[in-house]
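Student: Pasting protein.cif below, which is mmCIF, C-alpha atoms.
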```cif
data_entry
#
loop_
_atom_site.label_atom_id
_atom_site.label_comp_id
_atom_site.auth_asym_id
_atom_site.auth_seq_id
_atom_site.Cartn_x
_atom_site.Cartn_y
_atom_site.Cartn_z
CA MET A 1 -21.19 -13.80 -27.77
CA SER A 2 -21.10 -15.96 -24.65
CA SER A 3 -22.96 -15.17 -21.46
CA LEU A 4 -19.59 -14.83 -19.71
CA THR A 5 -18.54 -12.19 -22.20
CA GLN A 6 -21.67 -10.18 -21.44
CA ALA A 7 -21.60 -10.87 -17.73
CA GLY A 8 -20.72 -8.48 -15.01
CA SER A 9 -18.13 -8.56 -12.28
CA SER A 10 -19.64 -11.48 -10.33
CA ALA A 11 -19.39 -13.83 -13.31
CA LEU A 12 -15.84 -12.70 -14.05
CA LEU A 13 -14.74 -13.63 -10.53
CA LYS A 14 -16.12 -17.14 -11.10
CA HIS A 15 -13.80 -17.58 -14.07
CA PRO A 16 -10.97 -19.76 -12.59
CA SER A 17 -7.95 -18.36 -14.41
CA PHE A 18 -9.04 -14.75 -13.92
CA LEU A 19 -9.67 -15.36 -10.22
CA LEU A 20 -6.22 -16.94 -9.78
CA PHE A 21 -4.71 -14.01 -11.65
CA VAL A 22 -6.24 -11.31 -9.45
CA LEU A 23 -5.44 -13.20 -6.23
CA SER A 24 -1.81 -13.64 -7.26
CA ARG A 25 -1.65 -9.96 -8.18
CA ALA A 26 -3.16 -9.05 -4.81
CA PHE A 27 -0.45 -10.95 -2.92
CA SER A 28 2.21 -9.24 -5.02
CA ARG A 29 0.65 -5.86 -4.23
CA PHE A 30 0.54 -6.77 -0.54
CA SER A 31 4.27 -7.37 -0.65
CA GLY A 32 5.02 -4.16 -2.52
CA GLN A 33 2.98 -1.97 -0.20
CA ILE A 34 4.48 -3.52 2.92
CA ALA A 35 7.94 -2.88 1.46
CA ALA A 36 7.08 0.76 0.75
CA VAL A 37 6.11 1.40 4.37
CA ALA A 38 8.91 -0.61 5.97
CA VAL A 39 11.71 0.66 3.75
CA GLY A 40 10.50 4.28 3.77
CA TRP A 41 10.22 4.41 7.55
CA GLN A 42 13.49 2.55 8.10
CA ILE A 43 15.47 4.79 5.73
CA TYR A 44 14.05 7.97 7.27
CA ASP A 45 14.66 6.57 10.75
CA LEU A 46 18.29 5.77 9.89
CA THR A 47 19.14 8.99 8.05
CA GLY A 48 16.41 11.60 8.65
CA SER A 49 17.01 12.65 5.04
CA ALA A 50 14.33 13.56 2.48
CA PHE A 51 16.93 13.07 -0.23
CA ASP A 52 17.50 9.46 0.85
CA LEU A 53 13.75 8.87 0.69
CA GLY A 54 13.85 10.06 -2.91
CA MET A 55 16.81 7.79 -3.63
CA ILE A 56 14.61 4.76 -2.94
CA GLY A 57 12.63 5.63 -6.05
CA LEU A 58 15.71 6.31 -8.14
CA VAL A 59 17.42 2.98 -7.40
CA GLN A 60 14.21 1.19 -8.36
CA PHE A 61 13.83 3.20 -11.55
CA LEU A 62 17.33 2.70 -12.96
CA PRO A 63 16.99 -1.08 -13.58
CA THR A 64 13.73 -0.42 -15.42
CA ALA A 65 15.36 2.17 -17.67
CA LEU A 66 18.26 -0.17 -18.45
CA LEU A 67 16.23 -3.35 -18.98
CA VAL A 68 12.98 -2.10 -20.52
CA PHE A 69 13.59 -3.45 -24.02
CA VAL A 70 15.05 -6.76 -22.87
CA ALA A 71 12.12 -7.25 -20.49
CA GLY A 72 9.55 -6.53 -23.17
CA HIS A 73 11.11 -9.01 -25.55
CA ALA A 74 11.34 -11.68 -22.84
CA VAL A 75 7.65 -11.29 -22.04
CA ASP A 76 6.71 -11.71 -25.72
CA ARG A 77 9.02 -14.68 -26.23
CA TYR A 78 8.53 -16.77 -23.07
CA GLU A 79 5.46 -17.97 -21.20
CA ARG A 80 4.20 -14.94 -19.33
CA LYS A 81 3.07 -16.62 -16.16
CA ARG A 82 6.52 -18.23 -15.79
CA VAL A 83 8.15 -14.82 -16.10
CA VAL A 84 5.92 -13.56 -13.29
CA GLN A 85 6.73 -16.59 -11.13
CA ILE A 86 10.48 -16.08 -11.48
CA CYS A 87 10.09 -12.40 -10.55
CA LEU A 88 8.07 -13.27 -7.43
CA LEU A 89 10.68 -15.81 -6.33
CA VAL A 90 13.44 -13.21 -6.71
CA GLU A 91 11.37 -10.77 -4.64
CA ALA A 92 10.84 -13.43 -1.93
CA LEU A 93 14.56 -14.12 -1.69
CA THR A 94 15.35 -10.40 -1.48
CA ALA A 95 12.77 -9.92 1.27
CA LEU A 96 14.25 -12.88 3.16
CA LEU A 97 17.68 -11.23 3.14
CA LEU A 98 16.16 -7.93 4.33
CA ALA A 99 14.36 -9.76 7.12
CA TRP A 100 17.60 -11.37 8.29
CA GLY A 101 19.47 -8.06 8.23
CA ALA A 102 16.70 -6.29 10.16
CA TYR A 103 16.48 -9.14 12.69
CA THR A 104 20.23 -9.11 13.39
CA GLY A 105 20.43 -5.32 13.37
CA SER A 106 23.07 -5.37 10.64
CA LEU A 107 20.96 -3.82 7.87
CA THR A 108 22.59 -0.71 6.38
CA VAL A 109 21.29 2.01 4.09
CA LEU A 110 23.48 0.71 1.25
CA GLN A 111 22.10 -2.81 1.65
CA ILE A 112 18.55 -1.47 1.53
CA PHE A 113 19.31 0.43 -1.67
CA VAL A 114 20.82 -2.70 -3.26
CA ALA A 115 17.74 -4.70 -2.27
CA MET A 116 15.45 -2.08 -3.77
CA ALA A 117 17.46 -2.17 -7.00
CA VAL A 118 16.91 -5.94 -7.14
CA LEU A 119 13.18 -5.46 -6.53
CA GLY A 120 13.16 -2.83 -9.27
CA THR A 121 14.80 -5.30 -11.66
CA ALA A 122 12.17 -7.94 -10.88
CA GLY A 123 9.43 -5.34 -11.37
CA ALA A 124 10.84 -4.39 -14.78
CA PHE A 125 9.96 -7.90 -15.97
CA GLU A 126 6.91 -8.57 -13.81
CA SER A 127 4.82 -5.53 -14.75
CA PRO A 128 4.80 -5.99 -18.56
CA ALA A 129 4.24 -9.72 -18.07
CA ILE A 130 1.20 -9.03 -15.87
CA SER A 131 -0.15 -6.48 -18.36
CA ALA A 132 0.26 -8.86 -21.29
CA LEU A 133 -1.26 -11.79 -19.37
CA LEU A 134 -4.50 -10.08 -18.31
CA PRO A 135 -6.09 -10.02 -21.82
CA LEU A 136 -5.36 -13.77 -22.06
CA VAL A 137 -7.23 -14.65 -18.85
CA ALA A 138 -10.14 -12.20 -19.26
CA PRO A 139 -13.04 -13.42 -21.41
CA GLN A 140 -13.36 -11.66 -24.75
CA GLY A 141 -15.21 -8.37 -24.53
CA SER A 142 -14.70 -7.95 -20.78
CA LEU A 143 -11.31 -6.24 -20.64
CA GLN A 144 -12.47 -2.92 -19.17
CA ARG A 145 -14.39 -4.64 -16.36
CA ALA A 146 -11.57 -7.14 -15.85
CA THR A 147 -9.10 -4.27 -15.56
CA ALA A 148 -11.32 -2.53 -13.00
CA ILE A 149 -11.73 -5.72 -10.94
CA SER A 150 -8.02 -6.52 -11.08
CA SER A 151 -7.25 -2.97 -9.98
CA GLY A 152 -9.84 -3.20 -7.21
CA VAL A 153 -8.50 -6.44 -5.79
CA GLY A 154 -5.03 -4.94 -5.88
CA GLN A 155 -6.36 -1.87 -4.09
CA ILE A 156 -7.71 -4.05 -1.28
CA ALA A 157 -4.14 -5.19 -0.76
CA THR A 158 -2.99 -1.59 -1.03
CA ILE A 159 -5.46 -0.53 1.67
CA THR A 160 -4.56 -3.22 4.17
CA GLY A 161 -0.93 -3.69 3.15
CA PRO A 162 0.42 -0.32 4.35
CA ALA A 163 -1.47 -0.50 7.64
CA LEU A 164 -0.27 -4.07 8.13
CA GLY A 165 3.27 -3.03 7.23
CA GLY A 166 3.23 -0.13 9.68
CA LEU A 167 1.83 -2.31 12.46
CA ALA A 168 4.33 -5.10 11.73
CA TYR A 169 7.24 -2.63 11.76
CA ALA A 170 6.04 -1.28 15.11
CA VAL A 171 6.17 -4.85 16.48
CA ALA A 172 9.57 -5.72 14.99
CA PRO A 173 11.55 -4.23 12.06
CA ALA A 174 12.10 -7.70 10.56
CA LEU A 175 8.42 -8.71 10.59
CA PRO A 176 7.30 -6.75 7.49
CA TYR A 177 9.98 -8.43 5.38
CA GLY A 178 8.91 -11.84 6.66
CA LEU A 179 5.35 -11.08 5.54
CA MET A 180 6.70 -10.11 2.13
CA VAL A 181 8.31 -13.53 1.78
CA ALA A 182 5.03 -15.29 2.58
CA PHE A 183 2.98 -13.17 0.17
CA CYS A 184 5.45 -13.55 -2.72
CA LEU A 185 5.49 -17.33 -2.33
CA ALA A 186 1.68 -17.45 -2.22
CA GLY A 187 1.52 -15.35 -5.40
CA THR A 188 3.99 -17.69 -7.10
CA LEU A 189 1.84 -20.75 -6.39
CA LEU A 190 -1.38 -19.10 -7.57
CA MET A 191 0.22 -17.82 -10.76
CA GLY A 192 1.44 -21.34 -11.60
CA ALA A 193 -2.14 -22.66 -11.53
CA ILE A 194 -3.41 -20.24 -14.20
CA ARG A 195 -4.60 -21.71 -17.49
CA PRO A 196 -5.01 -18.85 -19.99
CA THR A 197 -8.24 -18.87 -22.01
CA GLN A 198 -6.35 -17.63 -25.07
CA PRO A 199 -2.88 -18.82 -26.12
CA ALA A 200 -0.21 -16.17 -26.46
CA VAL A 201 1.66 -15.82 -29.74
CA VAL A 202 5.15 -17.17 -29.00
CA ARG A 203 8.01 -15.78 -31.05
CA ASP A 204 11.08 -17.85 -31.86
CA ALA A 205 13.77 -15.26 -32.46
CA ALA A 206 14.49 -11.57 -32.25
CA SER A 207 16.41 -9.00 -34.20
CA PRO A 208 17.61 -5.65 -32.84
CA ALA A 209 14.66 -4.06 -34.63
CA ASP A 210 12.25 -6.35 -32.77
CA LEU A 211 13.52 -5.10 -29.41
CA PHE A 212 12.50 -1.53 -30.26
CA ALA A 213 9.20 -2.40 -31.96
CA GLY A 214 7.26 -1.29 -28.88
CA VAL A 215 8.77 2.19 -29.06
CA ARG A 216 7.86 2.51 -32.73
CA PHE A 217 4.33 1.34 -32.07
CA VAL A 218 3.81 3.89 -29.30
CA ARG A 219 5.42 6.67 -31.36
CA ASP A 220 3.15 6.00 -34.35
CA ASN A 221 -0.08 5.90 -32.31
CA ALA A 222 -0.93 9.45 -31.22
CA ALA A 223 -3.58 8.43 -28.68
CA ILE A 224 -1.29 5.92 -26.95
CA LEU A 225 1.68 8.32 -27.02
CA GLY A 226 -0.44 11.04 -25.47
CA THR A 227 -1.81 8.67 -22.83
CA ILE A 228 1.59 7.38 -21.75
CA SER A 229 3.33 10.75 -21.77
CA LEU A 230 0.45 12.42 -19.90
CA ASP A 231 0.67 9.94 -17.08
CA LEU A 232 4.46 10.09 -17.09
CA PHE A 233 4.58 13.82 -16.41
CA ALA A 234 1.51 13.89 -14.15
CA VAL A 235 2.86 11.16 -11.87
CA LEU A 236 6.40 12.56 -12.06
CA LEU A 237 5.19 15.89 -10.73
CA GLY A 238 2.45 14.56 -8.47
CA GLY A 239 4.54 12.13 -6.40
CA ALA A 240 3.52 13.57 -3.03
CA THR A 241 3.08 10.10 -1.55
CA ALA A 242 6.87 9.77 -1.50
CA LEU A 243 6.85 12.44 1.23
CA LEU A 244 4.38 10.60 3.46
CA PRO A 245 7.04 9.62 6.06
CA ILE A 246 7.83 13.34 6.48
CA TYR A 247 4.15 14.27 6.71
CA ALA A 248 3.46 11.44 9.15
CA ARG A 249 6.29 12.26 11.54
CA ASP A 250 6.95 15.99 11.21
CA ILE A 251 3.76 17.64 9.92
CA LEU A 252 0.80 15.49 11.04
CA GLN A 253 2.81 14.13 13.97
CA THR A 254 1.74 10.50 13.79
CA GLY A 255 3.80 7.30 13.89
CA PRO A 256 4.39 4.21 11.72
CA LEU A 257 0.76 3.12 12.03
CA GLY A 258 -0.36 6.59 10.96
CA LEU A 259 1.97 6.35 7.98
CA GLY A 260 0.32 3.07 7.05
CA ILE A 261 -3.12 4.72 7.22
CA LEU A 262 -1.96 7.59 4.99
CA ARG A 263 -0.53 5.15 2.47
CA ALA A 264 -3.77 3.18 2.50
CA ALA A 265 -5.99 6.23 1.94
CA PRO A 266 -5.46 6.50 -1.86
CA ALA A 267 -6.34 2.82 -2.17
CA VAL A 268 -9.61 3.36 -0.31
CA GLY A 269 -10.64 5.97 -2.86
CA ALA A 270 -9.41 3.76 -5.67
CA LEU A 271 -11.39 0.79 -4.41
CA LEU A 272 -14.60 2.81 -4.20
CA MET A 273 -14.09 4.08 -7.74
CA THR A 274 -13.27 0.56 -8.91
CA ALA A 275 -16.61 -0.66 -7.56
CA VAL A 276 -18.33 1.99 -9.65
CA LEU A 277 -16.35 1.21 -12.83
CA ALA A 278 -16.84 -2.55 -12.46
CA ARG A 279 -20.60 -2.03 -12.62
CA HIS A 280 -20.74 0.99 -14.89
CA ALA A 281 -18.12 0.99 -17.62
CA ILE A 282 -17.17 4.31 -19.22
CA HIS A 283 -18.86 4.33 -22.64
CA ARG A 284 -18.59 7.94 -23.81
CA ARG A 285 -15.94 10.68 -23.99
CA VAL A 286 -13.30 8.44 -22.46
CA GLY A 287 -10.44 10.69 -23.56
CA MET A 288 -11.92 13.75 -21.87
CA ARG A 289 -12.73 11.70 -18.77
CA MET A 290 -9.07 10.78 -18.43
CA PHE A 291 -7.97 14.41 -18.63
CA GLN A 292 -10.58 15.40 -16.06
CA ALA A 293 -9.36 12.66 -13.73
CA VAL A 294 -5.76 13.90 -13.95
CA ILE A 295 -6.87 17.46 -13.14
CA VAL A 296 -8.79 16.25 -10.08
CA PHE A 297 -5.69 14.29 -9.03
CA GLY A 298 -3.59 17.47 -9.18
CA LEU A 299 -6.11 19.56 -7.23
CA ALA A 300 -6.38 16.90 -4.52
CA THR A 301 -2.59 16.83 -4.28
CA ILE A 302 -2.58 20.57 -3.52
CA VAL A 303 -5.18 20.09 -0.77
CA PHE A 304 -3.12 17.30 0.78
CA ALA A 305 0.04 19.43 0.58
CA VAL A 306 -1.36 22.29 2.66
CA SER A 307 -3.43 20.20 5.08
CA ARG A 308 -2.52 20.04 8.76
CA SER A 309 -5.47 17.79 9.63
CA MET A 310 -5.15 14.01 9.54
CA ALA A 311 -8.80 13.67 8.48
CA LEU A 312 -8.50 16.17 5.61
CA SER A 313 -5.23 14.60 4.47
CA VAL A 314 -6.85 11.15 4.34
CA VAL A 315 -9.80 12.50 2.32
CA ALA A 316 -7.49 14.28 -0.14
CA LEU A 317 -5.42 11.14 -0.61
CA ALA A 318 -8.60 9.10 -1.17
CA ILE A 319 -9.73 11.51 -3.90
CA MET A 320 -6.29 11.20 -5.49
CA GLY A 321 -6.70 7.42 -5.54
CA ALA A 322 -10.19 7.58 -7.06
CA ALA A 323 -9.09 9.96 -9.82
CA ASP A 324 -6.04 7.87 -10.58
CA THR A 325 -8.18 4.74 -10.96
CA VAL A 326 -10.25 6.37 -13.70
CA SER A 327 -7.05 7.25 -15.54
CA VAL A 328 -5.56 3.77 -15.05
CA VAL A 329 -8.60 1.88 -16.33
CA ILE A 330 -8.94 4.06 -19.43
CA ARG A 331 -5.21 4.01 -20.13
CA PHE A 332 -4.76 0.27 -19.71
CA SER A 333 -7.84 -0.62 -21.75
CA LEU A 334 -6.91 1.77 -24.55
CA VAL A 335 -3.35 0.47 -24.81
CA GLN A 336 -4.26 -3.23 -24.61
CA LEU A 337 -7.13 -3.03 -27.10
CA ALA A 338 -4.95 -1.16 -29.60
CA THR A 339 -1.99 -3.55 -29.33
CA PRO A 340 -1.73 -6.97 -31.05
CA ASP A 341 -0.97 -9.81 -28.62
CA GLU A 342 2.44 -10.60 -30.10
CA MET A 343 3.58 -7.07 -29.20
CA ARG A 344 1.91 -6.63 -25.81
CA GLY A 345 5.06 -7.46 -23.86
CA ARG A 346 7.18 -4.86 -25.64
CA VAL A 347 4.49 -2.18 -25.59
CA GLY A 348 3.79 -3.05 -21.95
CA ALA A 349 7.47 -2.62 -21.14
CA VAL A 350 7.48 0.86 -22.67
CA ASN A 351 4.27 1.60 -20.79
CA PHE A 352 5.88 0.44 -17.56
CA LEU A 353 8.96 2.56 -18.14
CA PHE A 354 7.01 5.75 -18.76
CA ILE A 355 4.14 5.21 -16.31
CA ASN A 356 4.78 2.67 -13.57
CA ALA A 357 8.43 3.64 -13.21
CA SER A 358 7.48 7.32 -13.21
CA ASN A 359 6.16 6.66 -9.71
CA GLN A 360 9.71 5.79 -8.66
CA LEU A 361 11.30 8.67 -10.58
CA GLY A 362 8.60 10.94 -9.18
CA GLN A 363 9.57 9.73 -5.72
CA PHE A 364 13.13 10.85 -6.41
CA GLU A 365 11.92 14.20 -7.77
CA SER A 366 9.75 14.78 -4.71
CA GLY A 367 12.56 13.89 -2.33
CA LEU A 368 15.00 16.18 -4.13
CA THR A 369 12.51 19.06 -4.29
CA ALA A 370 11.61 18.60 -0.62
CA ALA A 371 15.31 18.63 0.31
CA LEU A 372 15.72 21.94 -1.54
CA PHE A 373 12.48 23.76 -0.70
CA GLY A 374 10.73 21.76 2.02
CA ALA A 375 8.03 19.10 1.91
CA VAL A 376 4.99 21.39 1.67
CA PRO A 377 6.24 23.60 -1.21
CA ALA A 378 7.40 20.46 -3.06
CA ALA A 379 3.96 18.85 -2.82
CA VAL A 380 2.16 22.08 -3.81
CA LEU A 381 4.39 22.54 -6.86
CA GLY A 382 3.74 18.94 -7.85
CA GLY A 383 -0.03 19.41 -7.75
CA VAL A 384 0.09 22.65 -9.71
CA GLY A 385 2.38 21.06 -12.28
CA THR A 386 0.02 18.09 -12.71
CA VAL A 387 -2.93 20.37 -13.52
CA ALA A 388 -0.81 22.40 -15.94
CA ILE A 389 0.39 19.27 -17.76
CA ALA A 390 -3.19 18.00 -18.18
CA LEU A 391 -4.33 21.31 -19.69
CA LEU A 392 -1.31 21.46 -22.00
CA TRP A 393 -1.74 17.85 -23.18
CA MET A 394 -5.38 18.54 -24.07
CA LYS A 395 -4.04 21.03 -26.63
CA LEU A 396 -1.11 18.91 -27.83
CA PHE A 397 -3.03 15.65 -28.27
CA PRO A 398 -6.52 16.40 -29.64
CA THR A 399 -6.74 12.81 -30.92
CA LEU A 400 -6.57 11.55 -27.34
CA ARG A 401 -8.94 14.23 -26.06
CA ASN A 402 -11.51 13.25 -28.68
CA VAL A 403 -11.44 9.47 -28.08
CA GLU A 404 -15.11 8.64 -27.64
CA ARG A 405 -15.20 4.91 -26.80
CA LEU A 406 -12.95 2.00 -25.87
CA GLU A 407 -13.41 -0.53 -28.66
#
```
Any chance you could put this one into structure tokens?
Tutor:
Amino acid sequence: MSSLTQAGSSALLKHPSFLLFVLSRAFSRFSGQIAAVAVGWQIYDLTGSAFDLGMIGLVQFLPTALLVFVAGHAVDRYERKRVVQICLLVEALTALLLAWGAYTGSLTVLQIFVAMAVLGTAGAFESPAISALLPLVAPQGSLQRATAISSGVGQIATITGPALGGLAYAVAPALPYGLMVAFCLAGTLLMGAIRPTQPAVVRDAASPADLFAGVRFVRDNAAILGTISLDLFAVLLGGATALLPIYARDILQTGPLGLGILRAAPAVGALLMTAVLARHAIHRRVGMRMFQAVIVFGLATIVFAVSRSMALSVVALAIMGAADTVSVVIRFSLVQLATPDEMRGRVGAVNFLFINASNQLGQFESGLTAALFGAVPAAVLGGVGTVAIALLWMKLFPTLRNVERLE
């Protein structure tokens, strides 16, 4: 085993392809977080509707649901870094059109929804491509640490991105979208310079059965099925961050910059937890640790829901981010280590549909619930539901609960 394989986080960051990968991912995350702040505030400013805030998540989710199998096959058939580059270029063009509409004052709610649908389509291809590419740029034996570092670098963007987006929107509504263009183009260039340490298995053709191979693989692996479905329902119910514009303006009575700080708070907690996991990998009882992290996430959501203090809200959101990071690192490592490379795109697409896209569907659920019952009851119900799902899944998936190590 090479010294790089045994090395810690500092040696990993000296590995050229891995460094380019995490930097490109950070720029992409910058763009996404800026978009979340700018679009959320602009929609709520235009309509004052919690339901419309939820619709942002729905219009991003629908392309994922429709394209999940096509995206997974494309990632397994074509060069993964090229797939990511094309997605980033589409996102840059979309952001450019949003910037022009905001600058001229002609941007409408419908146009914003269409733009978010396009971004959702790009994300449907980008996310499984990123997931499948990481094991090819991380030295053998270092996937858990590489996942933690990649998540941490992305969280740095998540911390500064929302605050930057809120500040930019306060200066001019078009400025956040201009920053998105710059970050997407930078990510495209960095991604193009990556030279994977391991070649991907390229497939020449596909049958209808091949398109659904990822679903069969997940269905037949109890631990992976439990992992994906747990996160699906936990995030679906615990999507309180979708209500942050309401909390920022109506409950905590802060402005766009305050909204950016609230959005950054989960990333602060996530970054701190990432620093711990990058140095101290989880070696024992990983299944139980994931369940415990989801329960902590739900309890912190309840605290945030009832808080009327900006400081307490920020702390609760930070704890949510830290707990979620534990779950993400375990989940990603478990899925990637259990999946052969030639299927990682299709399994990653299913994973994206049920986990990453559940953030968007959870945003819709939170907006709808808030429109019916109010923001605070909606967030409380989400936190309670998250804890209940974790306890139920511990009973339904004992194989996942009893996973001892990531090997």
Student: Set the distance at 8 Å and use only C-alpha atoms: which residues neighbour segment 47-56 of chain A once local chain neighbours fewer than 4 positions away are removed? I'd like the list as a list in words.
Tutor: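 Here the qualifying residues turn out to be Gly40, Ile43, Gln60, Phe113, Met116, Ala242, Leu243, Ile246, Gln360, Gln363, Phe364, Glu365, Ser366, Gly367, Leu368, Ala370 and Ala371 of chain A.
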Student: Just to confirm, what's the straight-line distance from atom CA of Gly32 of chain A to atom CA of Gly154 of chain A in Å (one decimal)?
Tutor: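 It comes out at 10.6 Å.
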Student: Using atom CA of Phe297 of chain A and atom CA of Ser142 of chain A as the two end points, give the distance in Å to one decimal.
Tutor: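 Atom-to-atom, atom CA of Phe297 of chain A and atom CA of Ser142 of chain A are spaced 26.7 Å apart.
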Student: What lies within 9 Å of Val296 of chain A using all atoms listed in the file, ignoring chain neighbours under 3 positions off, as an MDAnalysis selection string?
Tutor: chainID A and resid 291:293 299:301 319:320 323:324 387
Student: Quick one: residues within 12 Å of Val218 of chain A, all atoms listed in the file counted, chain neighbours fewer than 4 positions away excluded, as a PyMOL selection string?
Tutor: chain A and resi 212-214+222-229+334-336+338-339+343-344+346-351+354
Student: At what distance in Å, to one decimal, does atom CA of Ala122 of chain A lie from atom CA of Leu167 of chain A?
Tutor: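 Between atom CA of Leu167 of chain A and atom CA of Ala122 of chain A the gap works out to 26.1 Å.
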Student: Have a look at A:Ala305, A:Ala129, A:Pro196, A:Arg289 and name the one nearest to Asn402 of chain A; count all atoms listed in the file.
Tutor: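 Ranking A:Ala305, A:Ala129, A:Pro196, A:Arg289 by distance to Asn402 of chain A, first place goes to A:Arg289.
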